[in-house]
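Below: one structure, written as structure tokens.
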Amino acid sequence: MSVHASTHPLVAHKLTLLRDHTTDHRTFRELTKEIATLLTYEATQDLQLRPRPVQTPLARTNGAELKENVGLVPILRAGLGMVDGVWELLPSAEVWHIGLYRDEKTLKPVEYYNKLPIEPTVSVCIILDPMLATGGSAVATVDILKNWGVRKIKFMGILGAPEGIQFLQERHPDVAIYLAAIDERLNERGLILPGLGDAGDRQFGTG
Ligand code: PRP
């Protein structure tokens, strides 16, 4: 499936501010949200519609409404900062949180929160996580969502490393990936270079 790196000038401008090490936590959160809104426009272009007639003040005409129930799936913690940005454009989307942290030594994801109900309540899921590094967290989340029964899944992030993009595409070739940018590589600690640092710590002031 496809990998979309945004070419929108507003995304490039805001991403540069996000990368800047002097950007404070509050501004970092605002930029994360704004970039998520812009990426939502790009990631929702293939959502299905059904006809919905509408009465204007002057006449009755044909309209449309979204046919699909969308679920947003932020990966805790860092994905949380993208939710409000997506909600700006999809206010009725459900949010289902998945808690994963990366073991510092193995870099493998460890699951610590998952309260999905037995039956899926949405037909499309958009996974939210600013960082696609090794891809382990994204692959684990897609595994969880497919086991839940959702067939249409997208990944929306801010930065992707080539290693993580490749891993996600190998394991789940049906999942389209939407990013603000594709960076150069991972360092020995699994951090994206040149990157923006630790997106969780920079949002929540814990770094
Ligand atoms: C970071 C990031 C992703 C994950 C990416 O989370 O937010 O969830 O690592 O790495 P991967 O692609 O190699 O799996 P982290 O484990 O630091 O947790 P946090 O969001 O709670 O800070």
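Ordering of the structure tokens sets the chain letters (A, B, ...), residue numbers begin anew at 1 in every chain, and ligands are numbered from 1 in the order given.
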
Give me, as CSV, the closest atom pair and its distance (Å, one decimal) for every residue of segment 105-192 of chain A within a cut-off of 10 Å of segment 92-95 of chain A, counting only C-alpha atoms, rows sorted by chain and rising number.
```
residue,atom,partner,partner_atom,distance
A:Thr121,CA,A:Glu94,CA,8.6
A:Val122,CA,A:Glu94,CA,7.8
A:Val124,CA,A:Ala93,CA,9.9
A:Cys125,CA,A:Glu94,CA,9.3
A:Ile126,CA,A:Val95,CA,9.6
A:Ile127,CA,A:Val95,CA,9.9
```

Please find the residues contacting ligand 1 at a distance of at most 10 Å between atoms, with only C-alpha atoms and all ligand atoms counted, and report them as an MDAnalysis selection string. chainID A and resid 74:80 98:104 106:110 128:141 157 159:161 163:165 167:168 186 189:192 198:204 206:207

Which residues come within 7 Å of segment 16-25 of chain A, counting only C-alpha atoms, excluding same-chain residues fewer than 3 positions away, as a short mmCIF file (atom, residue, chain, number, x, y, z; two decimals) with all heavy atoms, in the first residue's frame?
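Wrote it out as out-v1.cif, contents follow:
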```
data_model
loop_
_atom_site.label_atom_id
_atom_site.label_comp_id
_atom_site.auth_asym_id
_atom_site.auth_seq_id
_atom_site.Cartn_x
_atom_site.Cartn_y
_atom_site.Cartn_z
N ALA A 12 5.27 21.62 6.00
CA ALA A 12 6.73 21.80 6.04
C ALA A 12 7.12 22.91 7.01
O ALA A 12 8.08 22.78 7.79
CB ALA A 12 7.25 22.11 4.64
N HIS A 13 6.37 23.99 7.00
CA HIS A 13 6.64 25.13 7.89
C HIS A 13 6.47 24.72 9.35
O HIS A 13 7.35 24.94 10.20
CB HIS A 13 5.69 26.27 7.52
CG HIS A 13 5.85 27.50 8.35
ND1 HIS A 13 6.62 28.57 7.96
CD2 HIS A 13 5.36 27.82 9.58
CE1 HIS A 13 6.59 29.50 8.91
NE2 HIS A 13 5.82 29.07 9.89
N PHE A 28 4.83 23.12 21.04
CA PHE A 28 4.99 21.78 20.47
C PHE A 28 3.62 21.09 20.38
O PHE A 28 3.29 20.47 19.36
CB PHE A 28 5.97 20.96 21.33
CG PHE A 28 6.41 19.68 20.68
CD1 PHE A 28 7.59 19.62 19.96
CD2 PHE A 28 5.64 18.53 20.79
CE1 PHE A 28 8.00 18.44 19.36
CE2 PHE A 28 6.04 17.34 20.19
CZ PHE A 28 7.22 17.30 19.48
N ARG A 29 2.82 21.21 21.43
CA ARG A 29 1.49 20.58 21.42
C ARG A 29 0.60 21.21 20.35
O ARG A 29 -0.12 20.50 19.64
CB ARG A 29 0.83 20.72 22.80
CG ARG A 29 1.46 19.88 23.88
CD ARG A 29 0.59 19.84 25.13
NE ARG A 29 0.53 21.11 25.84
CZ ARG A 29 1.37 21.49 26.81
NH1 ARG A 29 2.36 20.69 27.18
NH2 ARG A 29 1.22 22.65 27.41
N LEU A 31 1.51 22.71 17.58
CA LEU A 31 1.98 22.32 16.24
C LEU A 31 1.61 20.88 15.92
O LEU A 31 1.22 20.55 14.79
CB LEU A 31 3.50 22.50 16.15
CG LEU A 31 3.99 23.96 16.17
CD1 LEU A 31 5.48 24.01 16.49
CD2 LEU A 31 3.71 24.63 14.83
N GLY A 195 14.99 13.98 12.94
CA GLY A 195 13.92 13.84 13.90
C GLY A 195 13.48 15.12 14.59
O GLY A 195 13.66 16.23 14.08
N LEU A 196 12.89 14.91 15.77
CA LEU A 196 12.42 16.03 16.58
C LEU A 196 12.59 15.72 18.05
O LEU A 196 11.99 16.36 18.91
CB LEU A 196 10.95 16.37 16.24
CG LEU A 196 9.92 15.25 16.18
CD1 LEU A 196 9.51 14.77 17.56
CD2 LEU A 196 8.70 15.70 15.41
N ARG A 202 8.43 15.72 24.74
CA ARG A 202 8.32 17.14 24.34
C ARG A 202 6.88 17.66 24.47
O ARG A 202 6.67 18.82 24.75
CB ARG A 202 8.87 17.35 22.93
CG ARG A 202 10.38 17.14 22.88
CD ARG A 202 11.00 17.67 21.61
NE ARG A 202 10.93 19.11 21.52
CZ ARG A 202 11.23 19.81 20.42
NH1 ARG A 202 11.61 19.16 19.32
NH2 ARG A 202 11.17 21.13 20.41
N GLN A 203 5.90 16.79 24.28
CA GLN A 203 4.52 17.22 24.47
C GLN A 203 4.17 17.38 25.94
O GLN A 203 3.50 18.32 26.34
CB GLN A 203 3.55 16.17 23.93
CG GLN A 203 3.37 16.15 22.46
CD GLN A 203 2.40 15.05 22.07
OE1 GLN A 203 1.24 15.08 22.44
NE2 GLN A 203 2.90 14.08 21.34
N PHE A 204 4.62 16.40 26.73
CA PHE A 204 4.16 16.33 28.11
C PHE A 204 5.13 16.94 29.11
O PHE A 204 4.90 16.90 30.31
CB PHE A 204 3.84 14.87 28.46
CG PHE A 204 2.71 14.32 27.63
CD1 PHE A 204 2.93 13.34 26.67
CD2 PHE A 204 1.42 14.82 27.77
CE1 PHE A 204 1.90 12.86 25.88
CE2 PHE A 204 0.39 14.35 26.99
CZ PHE A 204 0.62 13.36 26.05
N GLY A 205 6.25 17.47 28.61
CA GLY A 205 7.18 18.16 29.48
C GLY A 205 7.96 17.24 30.39
O GLY A 205 8.39 17.63 31.48
#
```

Between atom CA of Asp46 of chain A and atom CA of Asn114 of chain A, measure the distance and give it in Å to one decimal.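 If I compute the distance from atom CA of Asp46 of chain A to atom CA of Asn114 of chain A, I get 27.9 Å.
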
Assign secondary structure with DSSP using the backbone only, and return the residues of segment 34-122 of chain A in helix (DSSP H, G or I) as an MDAnalysis selection string. chainID A and resid 34:43 80:87

Atom CA of Glu34 of chain A sits from atom CA of Gln169 of chain A at a separation of 26.3 Å

I'd like to know which of A:Leu38, A:Ile118, A:Val11, A:Val70 is closest to Gly149 of chain A, using only C-alpha atoms.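 Checking each candidate against Gly149 of chain A, we get A:Ile118 as the closest.
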
Name the residues of segment 80-172 of chain A that fall into strand (DSSP E or B) according to DSSP on the backbone, using the chain letters and numbers of this document, as a list in words. Glu94, Val95, Ile98, Gly99, Leu100, Tyr101, Arg102, Pro109, Val110, Glu111, Tyr112, Tyr113, Asn114, Val124, Cys125, Ile126, Ile127, Leu128, Met131, Leu132, Lys152, Ile153, Lys154, Phe155, Met156, Leu159 and Gly160 of chain A

Just N, CA, C and O atoms for this one: save the residues we selected as an mmCIF file, in the first residue's frame.
```cif
data_model
loop_
_atom_site.group_PDB
_atom_site.id
_atom_site.type_symbol
_atom_site.label_atom_id
_atom_site.label_comp_id
_atom_site.auth_asym_id
_atom_site.auth_seq_id
_atom_site.Cartn_x
_atom_site.Cartn_y
_atom_site.Cartn_z
ATOM 1 N N GLU A 94 -14.908 8.058 16.936
ATOM 2 C CA GLU A 94 -14.661 7.426 18.240
ATOM 3 C C GLU A 94 -13.155 7.387 18.486
ATOM 4 O O GLU A 94 -12.384 7.319 17.534
ATOM 5 N N VAL A 95 -12.768 7.375 19.751
ATOM 6 C CA VAL A 95 -11.341 7.263 20.079
ATOM 7 C C VAL A 95 -11.114 6.033 20.949
ATOM 8 O O VAL A 95 -11.749 5.886 22.001
ATOM 9 N N ILE A 98 -4.713 2.789 22.720
ATOM 10 C CA ILE A 98 -3.873 1.601 22.886
ATOM 11 C C ILE A 98 -2.587 2.053 23.593
ATOM 12 O O ILE A 98 -1.926 2.994 23.143
ATOM 13 N N GLY A 99 -2.271 1.406 24.695
ATOM 14 C CA GLY A 99 -1.064 1.763 25.442
ATOM 15 C C GLY A 99 0.079 0.819 25.112
ATOM 16 O O GLY A 99 -0.019 -0.389 25.309
ATOM 17 N N LEU A 100 1.136 1.387 24.561
ATOM 18 C CA LEU A 100 2.345 0.613 24.248
ATOM 19 C C LEU A 100 3.541 1.445 24.669
ATOM 20 O O LEU A 100 3.535 2.658 24.501
ATOM 21 N N TYR A 101 4.533 0.802 25.237
ATOM 22 C CA TYR A 101 5.805 1.512 25.378
ATOM 23 C C TYR A 101 6.882 0.644 24.772
ATOM 24 O O TYR A 101 6.714 -0.576 24.644
ATOM 25 N N ARG A 102 7.964 1.288 24.407
ATOM 26 C CA ARG A 102 9.048 0.568 23.762
ATOM 27 C C ARG A 102 10.072 0.190 24.809
ATOM 28 O O ARG A 102 10.588 1.046 25.516
ATOM 29 N N PRO A 109 7.794 -3.321 21.305
ATOM 30 C CA PRO A 109 6.669 -2.720 22.021
ATOM 31 C C PRO A 109 6.108 -3.644 23.101
ATOM 32 O O PRO A 109 6.038 -4.859 22.899
ATOM 33 N N VAL A 110 5.720 -3.038 24.224
ATOM 34 C CA VAL A 110 5.095 -3.780 25.321
ATOM 35 C C VAL A 110 3.708 -3.178 25.528
ATOM 36 O O VAL A 110 3.572 -1.974 25.716
ATOM 37 N N GLU A 111 2.670 -4.025 25.483
ATOM 38 C CA GLU A 111 1.302 -3.522 25.606
ATOM 39 C C GLU A 111 0.939 -3.342 27.069
ATOM 40 O O GLU A 111 1.193 -4.229 27.886
ATOM 41 N N TYR A 112 0.348 -2.175 27.421
ATOM 42 C CA TYR A 112 -0.087 -1.976 28.814
ATOM 43 C C TYR A 112 -1.497 -1.439 28.929
ATOM 44 O O TYR A 112 -2.029 -1.328 30.021
ATOM 45 N N TYR A 113 -2.136 -1.095 27.820
ATOM 46 C CA TYR A 113 -3.530 -0.636 27.916
ATOM 47 C C TYR A 113 -4.283 -0.994 26.645
ATOM 48 O O TYR A 113 -3.830 -0.668 25.537
ATOM 49 N N ASN A 114 -5.412 -1.658 26.819
ATOM 50 C CA ASN A 114 -6.251 -2.021 25.685
ATOM 51 C C ASN A 114 -7.636 -2.337 26.230
ATOM 52 O O ASN A 114 -7.819 -3.336 26.923
ATOM 53 N N VAL A 124 -13.496 1.864 9.962
ATOM 54 C CA VAL A 124 -12.192 2.370 9.542
ATOM 55 C C VAL A 124 -11.453 2.834 10.784
ATOM 56 O O VAL A 124 -12.039 3.508 11.630
ATOM 57 N N CYS A 125 -10.171 2.479 10.904
ATOM 58 C CA CYS A 125 -9.361 2.981 12.015
ATOM 59 C C CYS A 125 -8.196 3.796 11.474
ATOM 60 O O CYS A 125 -7.551 3.402 10.493
ATOM 61 N N ILE A 126 -7.943 4.921 12.125
ATOM 62 C CA ILE A 126 -6.740 5.698 11.827
ATOM 63 C C ILE A 126 -5.864 5.656 13.077
ATOM 64 O O ILE A 126 -6.235 6.196 14.135
ATOM 65 N N ILE A 127 -4.744 4.976 12.964
ATOM 66 C CA ILE A 127 -3.781 4.904 14.078
ATOM 67 C C ILE A 127 -3.018 6.223 14.112
ATOM 68 O O ILE A 127 -2.568 6.719 13.075
ATOM 69 N N LEU A 128 -2.858 6.778 15.313
ATOM 70 C CA LEU A 128 -2.157 8.048 15.472
ATOM 71 C C LEU A 128 -0.919 7.851 16.341
ATOM 72 O O LEU A 128 -1.019 7.371 17.482
ATOM 73 N N MET A 131 5.580 9.216 15.820
ATOM 74 C CA MET A 131 6.853 8.626 15.412
ATOM 75 C C MET A 131 6.691 7.198 14.902
ATOM 76 O O MET A 131 6.201 6.336 15.628
ATOM 77 N N LEU A 132 7.115 6.960 13.678
ATOM 78 C CA LEU A 132 7.193 5.602 13.130
ATOM 79 C C LEU A 132 8.687 5.290 13.061
ATOM 80 O O LEU A 132 9.357 5.635 12.091
ATOM 81 N N LYS A 152 -10.178 -2.028 7.502
ATOM 82 C CA LYS A 152 -9.643 -0.849 6.832
ATOM 83 C C LYS A 152 -8.875 -0.021 7.866
ATOM 84 O O LYS A 152 -9.482 0.540 8.791
ATOM 85 N N ILE A 153 -7.572 0.011 7.725
ATOM 86 C CA ILE A 153 -6.722 0.651 8.732
ATOM 87 C C ILE A 153 -5.717 1.556 8.031
ATOM 88 O O ILE A 153 -5.130 1.185 7.015
ATOM 89 N N LYS A 154 -5.547 2.748 8.599
ATOM 90 C CA LYS A 154 -4.533 3.684 8.098
ATOM 91 C C LYS A 154 -3.621 4.050 9.254
ATOM 92 O O LYS A 154 -4.046 4.027 10.412
ATOM 93 N N PHE A 155 -2.408 4.443 8.926
ATOM 94 C CA PHE A 155 -1.476 4.931 9.951
ATOM 95 C C PHE A 155 -1.182 6.395 9.649
ATOM 96 O O PHE A 155 -0.785 6.734 8.529
ATOM 97 N N MET A 156 -1.363 7.255 10.656
ATOM 98 C CA MET A 156 -1.021 8.662 10.488
ATOM 99 C C MET A 156 0.041 9.043 11.517
ATOM 100 O O MET A 156 -0.160 8.882 12.723
ATOM 101 N N LEU A 159 6.650 11.883 11.723
ATOM 102 C CA LEU A 159 7.913 11.477 11.085
ATOM 103 C C LEU A 159 7.985 9.967 10.957
ATOM 104 O O LEU A 159 7.620 9.239 11.882
ATOM 105 N N GLY A 160 8.511 9.511 9.833
ATOM 106 C CA GLY A 160 8.755 8.091 9.644
ATOM 107 C C GLY A 160 10.206 7.858 9.286
ATOM 108 O O GLY A 160 10.782 8.637 8.511
#
```

I'd like to know which of A:Leu116, A:Asn69, A:Leu179, A:Arg171 is closest to Trp148 of chain A, using only C-alpha atoms.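 The closest residue to Trp148 of chain A is A:Leu116.
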
One-decimal distance in Å that lies between atom CA of Tyr178 of chain A and atom CA of Glu42 of chain A: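 Pair atom CA of Glu42 of chain A / atom CA of Tyr178 of chain A returns 7.7 Å.
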
Using only C-alpha atoms: which of A:Pro120, A:Glu188, A:Thr44, A:Val142 has the shortest distance to Pro173 of chain A: A:Val142
